[in-house]
Structure formats: C-alpha cells, structure tokens
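**Student:** One structure, as structure tokens, below. Some questions next.
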Amino acid sequence: MMGWLPVTLLAVPLLGALLLLVAPAALRPALPLYGQAVSGLALALAVVMVAVFDYGRSAAPQYTVDLPWIPGLGLRFHLGVDGISLPLVALTALLTFLCFLYLGWGRGRGPGRLMGTRPRALVFTLLVLEVGMVGTFLALDLLLFFVFFEIVLIPMYFLIAVWGGKGRRGAATKFILYTLLGSVVMLVGLLFIWSQTDTLDIVALARAHGAGMSRGAQIVAFAAVGLGLAVKTPMWPLHTWLPDAHTEAPTAGSVLLAGVLLKMGTYGFARIAIPILPEGAVAAAPWLGALAVVGVVYGALACLAQRDLKRMIAYSSVGHMGFVLLGFATLTTVGVNGALFANVAHGLITGLLFFLAGSIKDRYGTADMPSLGGGMLATLPHLGAVLTFASIASLGLPGLAGFWGEMLALLGAFRPGDGLPRGLFLTYMVIGGLGAVLTAAYFLVMLSRVTHGRPSRPGPALVGAGATVGAAGGPGESTGGSVGGPGESTGGSVGGPGESTRGPAGDAGGPAGGAGGPEERAGGEIAAMGDDPRAEGTAGSGGHEPGGHEPGAGGGPPRDIQPYEMVAWVPLIVLILLFGLWPGLLLSLTTPAVQTLLGALS
C-alpha cells in the first residue's frame with residue numbers, strides 16, 4: 001500500500017534536477033520559484049507520509065517498495081520508512097524547502113548573492129543533494145544505502161567549493177577526502193557483512209540480530225562500518241573537516257550539512273551497526289562512549305576559544321553529536337531514544353543557528369564576534385531575540401527541544417545495557433554532565449559578546465547610510481552588494497574571498513579568473529551551468545546570501561528580520577517549542593522501533 005510514496009519522494013527532486021539540464025532556457029527566468037516549487041512538492045509528499053503513517057506499528061517498515069535492482073548480484077531496490085527514519089525524512093524535506101525559500105525571496109538575486117551566481121547550477125546542486133539525503137533514510141538495502149550515502153558528497157563538495165568563502169577550496173577538499181576515505185572503510189564492512197550472511201536486506205539482517213556471524217566477525221564488521229559512520233557524524237577525533245566546511249560553506253550549505261548530513265552518520269548506527277551487529281556493538285560500546293564524552297567536552301572547550309560565530313556553532317555540533325553517540329553506546333531503550341531525539345532536535349536548532357549566523361554575517365559583513373560590537377538586542381532587537389532563543393534551545397534549556405535528547409542520553413548512561421560496565425558509564429555520565437555545563441557556558445559567553453551590552457561599533461546602519469561599499473562581486477562595485485563583500489571599506493577581513501585592491505579584472509573572483517574565482521572550475525558539469533558570465537565572478541563571494549540589509553540599495557539603515565527570513569525560521573521555532581513541550585510526540589514514534597532495533601539487547 002502506498003509504495004509509490006517513497007519512490008515519488010525521490011523522483012520529484014531528481015526529475016526537477018534533470019529538467020534543469022534539458023530545458024535551461026525555459027526555466028532560467030524563474031529559477032528561485034522553480035527551486036521552491038520542486039522542494040515544496042517534495043515537502044508536501046513528506047507531510048502526506050507523516051499524516052498517513054500507521055503509528056500503531058511504527059516498528060515495522062511502511063510504504064515499502066522491494067524490486068529487483070541488479071538481479072545477477074541479488075541486489076534489490078528496497079525502500080521504506082519506520083519510526084526511526086520518518087522524522088529524518090520529514091526534517092530533510094523541510095530544511096531543503098526552507099533553504100530554497102531563504103535563497104529565493106527578497107532582493108537577494110543580484111550579483112554577490114547565491115541566486116545571482118550560477119543560479120541554475122545552485123538549484124541543480126541542492127536538488128541532487130536532496131535526492132541523496134532522502135534516499136539514505138529510505139534505503140532498506142545495504143548497497144542502496146551506501147549509494148545514496150555517497151551521492152550527497154559530490155553536490156556538497158561543489159556547494160562549498162563554488163559558493164563558499166575565502167578558504168572554500170581547502171575546506172571542500174578536506175571534506176571530500178575525509179568522507180570518501182571513511183566511506184571506503186564502511187563499504188569494506190558492508191561487503192564483509194554480505195559475505196557472512198549472503199544478503200544485503202537490512203530488514204532481514206536486523207531481524208536476525210547477528211545470527212550467522214561469529215562474535216569476532218561482528219566486531220570486525222562493526223569496527224569498519226562504525227569508523228565510516230563516525231567520520232560523517234563526526235566523532236572526535238575524526239571531526240577536523242567539519243569546522244572548516246561549516247565556516248566556508250554558504251548558509252544553505254551549513255544548514256543542510258548540520259541539519260541533515262551529520263544525521264546520516266548517526267542514523268547508520270541505528271539502522272545498521274547496532275541491530276545487525278549486536279555483539280560487535282556490545283564489544284565497542286565502552287570505546288564508543290569514551291570517544292563520545294571526549295567529544296562533548298572537547299567541542300565545548302573549542303567553542304569557548306572561538307571568535308567566529310559560524311565556527312563556534314560548528315564545534316558545538318561536535319559536542320552535540322557526542323551526546324547522540326553516548327546514547328547509542330548505552331544500548332538501552334532510554335539512551336537510544338535520547339540519541340534519536342537529539343538527532344532531530346539538533347537538526348532543527350543548529351539549522352536555525354546557521355540561518356541566523358548567515359543573516360548576521362550578511363548585515364555586518366563579518367561573523368567575528370568581537371567585531372560585531374555587541375548590543376544586537378539594541379540595534380536589531382528581533383534578530384537578537386531569535387539568536388538568544390536558538391542559543392538557549394541549543395544549550396539544553398528545559399521546555400525546548402535541546403533538553404530531552406541530552407537528558408535521556410545521560411540517563412541511559414546511568415543504567416547502561418546488560419553486559420556493559422556500569423561504573424565506567426557512570427563516569428561517562430558525569431563527564432557528559434560537565435560537558436552540558438560547558439555548553440551553557442559558551443553559549444552564554446557568545447550572547448554576552450553579540451547580543452548584550454552597549455554597541456561598541458557604529459553598526460550596519462552606517463553602511464546603509466550611503467557609505468561606498470564594494471559589492472560581493474568584487475572590488476569596484478560600489479552599491480548593491482553584501483556588506484561583507486570584497487573591497488569593503490573597513491578592510492573586508494572576513495567578508496569574503498578575494499579581498500583585493502587589484503580591480504575587477506584581477507579580482508580573485510572576477511571574470512579574469514584569478515586565484516579565488518570559480519573560473520578555475522571545481523568541476524566541469526557544475527561550472528558549465530553558469531547562466532551569466534558577467535555574474536560568474538561572484539560565485540566565490542564568501543557565501544553572501546539574502547539578508548535583511550542590502551547596503552546602498554536605498555540609502556537607509558538595515559532592517560531587522562525580513563518577512564522571508566521569518567517565513568524560513570518560524571517553522572523551526574515552532575517545532576523546537578513543540579518537541580520541547582511535548583516530547584512524547586516524537587518518543588512515542590521512536591520507542592517501538594528502538595525496542596525492535598535492540599532486540600535481544602533490550
């Protein structure tokens with residue numbers, strides 16, 4: 001019944017991307033609306049999936065499709081959703097649609113803005129990325145899971161390398177190298193499972209709970225699969241690609257990277273590693289818990305040392321994902337439920353935080369917290385208030401979504417699963433609690449720097465009052481660009497790539513194809529999709545997206561939160577409140593699936 005739903009959910013963004021290749025001229029005038037329409041249709045399908053899901057049997061896969069894929073190898077095109085994957089499918093569709101809304105609304109389509117720099121390539125990239133993200137959560141075949149897991153790497157690489165900031169090329173290279181090497185190790189583990197069990201069917205393997213595999217074989221397979229998943233999560237010490245990727249990615253890239261791509265790693269533990277390899281999970285759990293709590297504390301301490309707002313939020317993800325991994329390591333219904341809840345909560349909260357960081361950087365021309373001058377609640381009160389809300393949600397204030405996942409993960413560590421050393425996990429619980437305190441500390445320090453106090457700099461209003469500002473497209477463009485674009489009169493130290501005084505022809509992102517421009521062609525297919533060669537020089541503009549202020553456009557001060565920003569952020573705010581006040585809405589969905597997942601371990 002309704003097996004067409006997951007297939008259609010994959011087909012809509014895929015066909016939308018292919019249509020951009022076959023009919024570029026017809027779609028070029030309406031690209032922002034086209035991206036919103038395609039992603040909006042995918043979101044509508046996800047809403048239908050949530051609405052008609054049978055919550056009475058959330059432990060069993062629903063909307064299943066099981067067709068021969070490569071009969072000679074016994075591979076099948078097997079899709080479906082259960083209580084574990086359904087929230088992540090909905091989260092993916094929602095965040096993708098909100099990114100298109102954020103990019104396409106307002107006067108954010110001129111030079112220096114993402115929808116003004118290779119817009120067709122950008123829409124194509126985001127739609128292909130959505131196919132890979134949704135497919136990962138729908139796949140019920142090990143090799144199909146791996147294919148979708150890998151599909152996301154290429155569009156995310158281009159999203160960083162083409163539309164990212166000044167250090168985009170190095171960040172994109174580090175991202176692809178880390179994740180590809182992790183994927184190779186994971187593939188070895190998946191093929192080893194296939195060789196031991198003679199099947200790739202995730203449902204059958206999970207139902208068997210490791211039957212047919214010796215304890216030693218399960219440990220080897222868990223180590224290989226877990227290492228590949230840990231890179232994507234990312235788990236300390238395999239996290240070093242993440243801060244650079246987040247810092248250099250455009251806002252839409254950061255939102256999807258934090259909100260969805262990191263969840264693909266943790267989802268793999270819940271879907272594959274723990275249920276299919278239970279004895280391997282028991283053997284690895286103490287080590288997984290140790291690395292998890294180190295990541296919690298390390299992430300918090302690293303956040304305290306950061307000056308850049310986006311980089312601080314990136315390091316906070318290392319800490320939050322540490323709580324998720326600690327929940328999985330407990331091998332209890334409470335702990336795994338906490339991990340899955342924290343997965344969804346982190347996607348909502350950190351997605352909102354990166355939206356806010358992008359808007360702040362667009363208005364001020366920098367994400368350097370001391371340079372922002374403080375006092376945002378006085379200069380931009382609504383933006384400052386939403387930033388405060390997102391921060392206290394992320395630090396785990398009771399009544400907001402960030403609280404329940406971390407609390408349940410720590411509670412699971414208080415009473416871990418059978419066969420696990422309770423004294424050791426009590427130590428993990430104490431260290432994790434210290435990490436929670438440090439999390440509150442770095443968010444409060446950030447708010448004291450950014451939102452509170454008396455503003456110590458003239459503020460973005462001075463820029464909008466008629467100062468000559470370089471557009472994001474390159475030096476020499478005096479109006480219409482982002483505050484932080486190259487050629488900014490204040491020096492443009494963090495405003496974007498290619499800050500230079502060489503003039504338009506020699507600018508790093510200019511038409512002459514200097515050192516920082518996408519004319520160096522991060523990839524032939526993406527680069528070939530540029531629609532206006534006069535605007536291509538801005539593709540490396542440091543991720544300046546639509547924001548509340550366009551300096552020089554009207555000569556007035558910047559506005560506070562804009563309507564299109566509010567439309568993109570309100571759904572996240574509502575869901576953060578909803579899951580914080582009514583956690584049972586999500587826990588009732590995941591609990592039966594978790595009990596089935598743990599099987600003999602529960």
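Residue numbers start at 1 in each chain; chains themselves are named A, B, ... in the order of the structure tokens; ligands are numbered from 1 in the order shown.
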Skipping near chain neighbours, those fewer than 3 positions away, what residues fall within 12 Å of A:Arg422 using only C-alpha atoms, listed as a ChimeraX atom specification?
**Tutor:** /A:285-286,289,330,412-419,425-429
**Student:** Name the residues in contact with A:Glu406 at a cut-off of 8 Å, using only C-alpha atoms, excluding same-chain residues fewer than 4 positions from it; report them as a list in words.
**Tutor:** Phe323, Val324, Gly338, Ala339, Ala342, Gly396, Gly402 and Leu410 of chain A
**Student:** Between A:Gly216, A:Gly35, A:Gly72, A:Gly375, which one has atoms that come closest to A:Leu101, using only C-alpha atoms?
**Tutor:** A:Gly35
**Student:** So what do you get for atom CA of A:Pro398 versus atom CA of A:Pro243, distance-wise?
**Tutor:**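 That distance, rounded to one decimal, is 27.7 Å.
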**Student:** Which residue, A:Leu144, A:Ala357, A:Leu577, A:Leu438, has the smallest gap to A:Tyr298 when you use only C-alpha atoms?
**Tutor:** A:Leu438
**Student:** If you run DSSP over the backbone, which residues in stretch 54-266 of chain A end up alpha helix (DSSP H)? Put them as a count of residues only.
**Tutor:** 134
**Student:** Return as a tab-separated table the residues of stretch 133-174 of chain A lying at most 10 Å from stretch 256-264 of chain A, together with the closest atom-to-atom pair for each and the distance in Å to one decimal, counting only C-alpha atoms, with rows in chain order and ascending residue number.
**Tutor:**
```
residue	atom	partner	partner_atom	distance
A:Met133	CA	A:Leu261	CA	7.1
A:Val134	CA	A:Val260	CA	9.3
A:Thr136	CA	A:Met264	CA	7.1
A:Phe137	CA	A:Met264	CA	7.6
A:Phe149	CA	A:Met264	CA	7.5
A:Val152	CA	A:Leu261	CA	8.0
A:Leu153	CA	A:Leu261	CA	9.3
A:Met156	CA	A:Leu257	CA	8.0
```
**Student:** Could those selected residues go to a file with C-alpha atoms, as a PDB file, in the first residue's frame?
**Tutor:**
```
ATOM      1  CA  MET A 133      19.768  12.750   1.727  1.00  0.00           C
ATOM      2  CA  VAL A 134      16.202  11.444   1.459  1.00  0.00           C
ATOM      3  CA  THR A 136      19.733   7.453   2.632  1.00  0.00           C
ATOM      4  CA  PHE A 137      16.858   7.472   5.124  1.00  0.00           C
ATOM      5  CA  PHE A 149      25.132   7.851   1.295  1.00  0.00           C
ATOM      6  CA  VAL A 152      25.431  13.570  -1.175  1.00  0.00           C
ATOM      7  CA  LEU A 153      29.205  14.030  -1.176  1.00  0.00           C
ATOM      8  CA  MET A 156      28.020  19.183  -1.013  1.00  0.00           C
TER       9      MET A 156
END
```
**Student:** Residues at most 6 Å from stretch 439-452 of chain A, counting only C-alpha atoms, excluding those fewer than 4 positions away in the same chain, as number ranges by chain?
**Tutor:** A: 300, 304, 374-377, 384, 395
**Student:** Residues within 6 Å of A:Asp82, please, as a list of chain:residue names. Count only C-alpha atoms; anything in the same chain fewer than 4 positions from it doesn't count.
**Tutor:**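 Contacts, with the query itself left out: A:Ser58, A:Ala59, A:Ala60, A:Pro61, A:Leu86.
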**Student:** Quick one: everything within 10 Å of A:Leu383, counting only C-alpha atoms, minus sequence neighbours fewer than 3 positions away in the same chain. Send it as number ranges by chain.
**Tutor:** A: 356, 359-360, 376-377, 379-380, 386-389, 451, 548, 559-562, 565-566
**Student:** With N, CA, C and O atoms retained, export the selected residues as a PDB file, in the first residue's frame.
**Tutor:**
```pdb
ATOM      1  N   LEU A 356      20.711  32.060  11.199  1.00  0.00           N
ATOM      2  CA  LEU A 356      20.955  33.323  11.906  1.00  0.00           C
ATOM      3  C   LEU A 356      22.375  33.817  11.683  1.00  0.00           C
ATOM      4  O   LEU A 356      22.600  35.015  11.461  1.00  0.00           O
ATOM      5  N   SER A 359      22.599  35.423   8.313  1.00  0.00           N
ATOM      6  CA  SER A 359      21.967  36.746   8.269  1.00  0.00           C
ATOM      7  C   SER A 359      22.808  37.788   8.996  1.00  0.00           C
ATOM      8  O   SER A 359      22.902  38.937   8.550  1.00  0.00           O
ATOM      9  N   ILE A 360      23.421  37.405  10.103  1.00  0.00           N
ATOM     10  CA  ILE A 360      24.285  38.340  10.827  1.00  0.00           C
ATOM     11  C   ILE A 360      25.494  38.708   9.977  1.00  0.00           C
ATOM     12  O   ILE A 360      25.870  39.883   9.876  1.00  0.00           O
ATOM     13  N   MET A 376      23.368  43.713  20.037  1.00  0.00           N
ATOM     14  CA  MET A 376      22.437  43.444  18.948  1.00  0.00           C
ATOM     15  C   MET A 376      20.990  43.580  19.387  1.00  0.00           C
ATOM     16  O   MET A 376      20.110  43.948  18.596  1.00  0.00           O
ATOM     17  N   LEU A 377      20.701  43.302  20.650  1.00  0.00           N
ATOM     18  CA  LEU A 377      19.333  43.465  21.138  1.00  0.00           C
ATOM     19  C   LEU A 377      18.898  44.921  21.101  1.00  0.00           C
ATOM     20  O   LEU A 377      17.699  45.217  21.084  1.00  0.00           O
ATOM     21  N   THR A 379      20.339  47.187  18.649  1.00  0.00           N
ATOM     22  CA  THR A 379      20.382  47.646  17.253  1.00  0.00           C
ATOM     23  C   THR A 379      19.438  46.860  16.355  1.00  0.00           C
ATOM     24  O   THR A 379      18.784  47.434  15.478  1.00  0.00           O
ATOM     25  N   LEU A 380      19.379  45.538  16.527  1.00  0.00           N
ATOM     26  CA  LEU A 380      18.492  44.671  15.747  1.00  0.00           C
ATOM     27  C   LEU A 380      17.756  43.755  16.735  1.00  0.00           C
ATOM     28  O   LEU A 380      18.086  42.574  16.877  1.00  0.00           O
ATOM     29  N   VAL A 386      15.803  36.242  18.406  1.00  0.00           N
ATOM     30  CA  VAL A 386      15.761  34.898  17.830  1.00  0.00           C
ATOM     31  C   VAL A 386      17.090  34.190  18.055  1.00  0.00           C
ATOM     32  O   VAL A 386      17.127  32.983  18.339  1.00  0.00           O
ATOM     33  N   LEU A 387      18.204  34.917  17.958  1.00  0.00           N
ATOM     34  CA  LEU A 387      19.504  34.320  18.245  1.00  0.00           C
ATOM     35  C   LEU A 387      19.567  33.849  19.698  1.00  0.00           C
ATOM     36  O   LEU A 387      20.089  32.766  19.989  1.00  0.00           O
ATOM     37  N   THR A 388      19.041  34.640  20.605  1.00  0.00           N
ATOM     38  CA  THR A 388      19.006  34.240  22.015  1.00  0.00           C
ATOM     39  C   THR A 388      18.168  32.982  22.202  1.00  0.00           C
ATOM     40  O   THR A 388      18.559  32.050  22.915  1.00  0.00           O
ATOM     41  N   PHE A 389      16.998  32.937  21.554  1.00  0.00           N
ATOM     42  CA  PHE A 389      16.128  31.766  21.656  1.00  0.00           C
ATOM     43  C   PHE A 389      16.842  30.516  21.153  1.00  0.00           C
ATOM     44  O   PHE A 389      16.832  29.466  21.817  1.00  0.00           O
ATOM     45  N   THR A 451      24.859  39.913  21.698  1.00  0.00           N
ATOM     46  CA  THR A 451      23.519  40.495  21.856  1.00  0.00           C
ATOM     47  C   THR A 451      23.415  41.490  23.001  1.00  0.00           C
ATOM     48  O   THR A 451      22.529  42.347  22.980  1.00  0.00           O
ATOM     49  N   GLY A 548      18.886  40.768   5.606  1.00  0.00           N
ATOM     50  CA  GLY A 548      17.935  41.824   5.845  1.00  0.00           C
ATOM     51  C   GLY A 548      18.391  43.163   5.327  1.00  0.00           C
ATOM     52  O   GLY A 548      17.614  44.102   5.279  1.00  0.00           O
ATOM     53  N   ARG A 559      17.272  46.845   7.893  1.00  0.00           N
ATOM     54  CA  ARG A 559      16.084  46.438   8.623  1.00  0.00           C
ATOM     55  C   ARG A 559      16.404  45.272   9.528  1.00  0.00           C
ATOM     56  O   ARG A 559      17.400  44.584   9.367  1.00  0.00           O
ATOM     57  N   ASP A 560      15.516  45.054  10.460  1.00  0.00           N
ATOM     58  CA  ASP A 560      15.622  43.892  11.330  1.00  0.00           C
ATOM     59  C   ASP A 560      15.182  42.672  10.514  1.00  0.00           C
ATOM     60  O   ASP A 560      15.292  42.675   9.298  1.00  0.00           O
ATOM     61  N   ILE A 561      14.666  41.664  11.149  1.00  0.00           N
ATOM     62  CA  ILE A 561      14.276  40.444  10.439  1.00  0.00           C
ATOM     63  C   ILE A 561      13.310  40.777   9.310  1.00  0.00           C
ATOM     64  O   ILE A 561      12.325  41.489   9.496  1.00  0.00           O
ATOM     65  N   GLN A 562      13.604  40.240   8.134  1.00  0.00           N
ATOM     66  CA  GLN A 562      12.772  40.458   6.960  1.00  0.00           C
ATOM     67  C   GLN A 562      11.672  39.401   6.871  1.00  0.00           C
ATOM     68  O   GLN A 562      11.793  38.315   7.456  1.00  0.00           O
ATOM     69  N   GLU A 565      12.824  35.944   5.837  1.00  0.00           N
ATOM     70  CA  GLU A 565      13.588  35.288   6.898  1.00  0.00           C
ATOM     71  C   GLU A 565      12.649  34.701   7.942  1.00  0.00           C
ATOM     72  O   GLU A 565      12.842  33.568   8.406  1.00  0.00           O
ATOM     73  N   MET A 566      11.634  35.460   8.295  1.00  0.00           N
ATOM     74  CA  MET A 566      10.682  34.972   9.284  1.00  0.00           C
ATOM     75  C   MET A 566       9.945  33.736   8.771  1.00  0.00           C
ATOM     76  O   MET A 566       9.723  32.771   9.521  1.00  0.00           O
TER      77      MET A 566
END
```
**Student:** In Å, how far is it from atom CA of A:Gly365 to atom CA of A:Cys303?
**Tutor:** 21.3 Å
**Student:** Could you check which of A:Pro563, A:Gly599, A:Gly432, A:Pro87 is closest to A:Ala208, using only C-alpha atoms?
**Tutor:**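 Counting only C-alpha atoms, the residue closest to A:Ala208 is A:Gly599.
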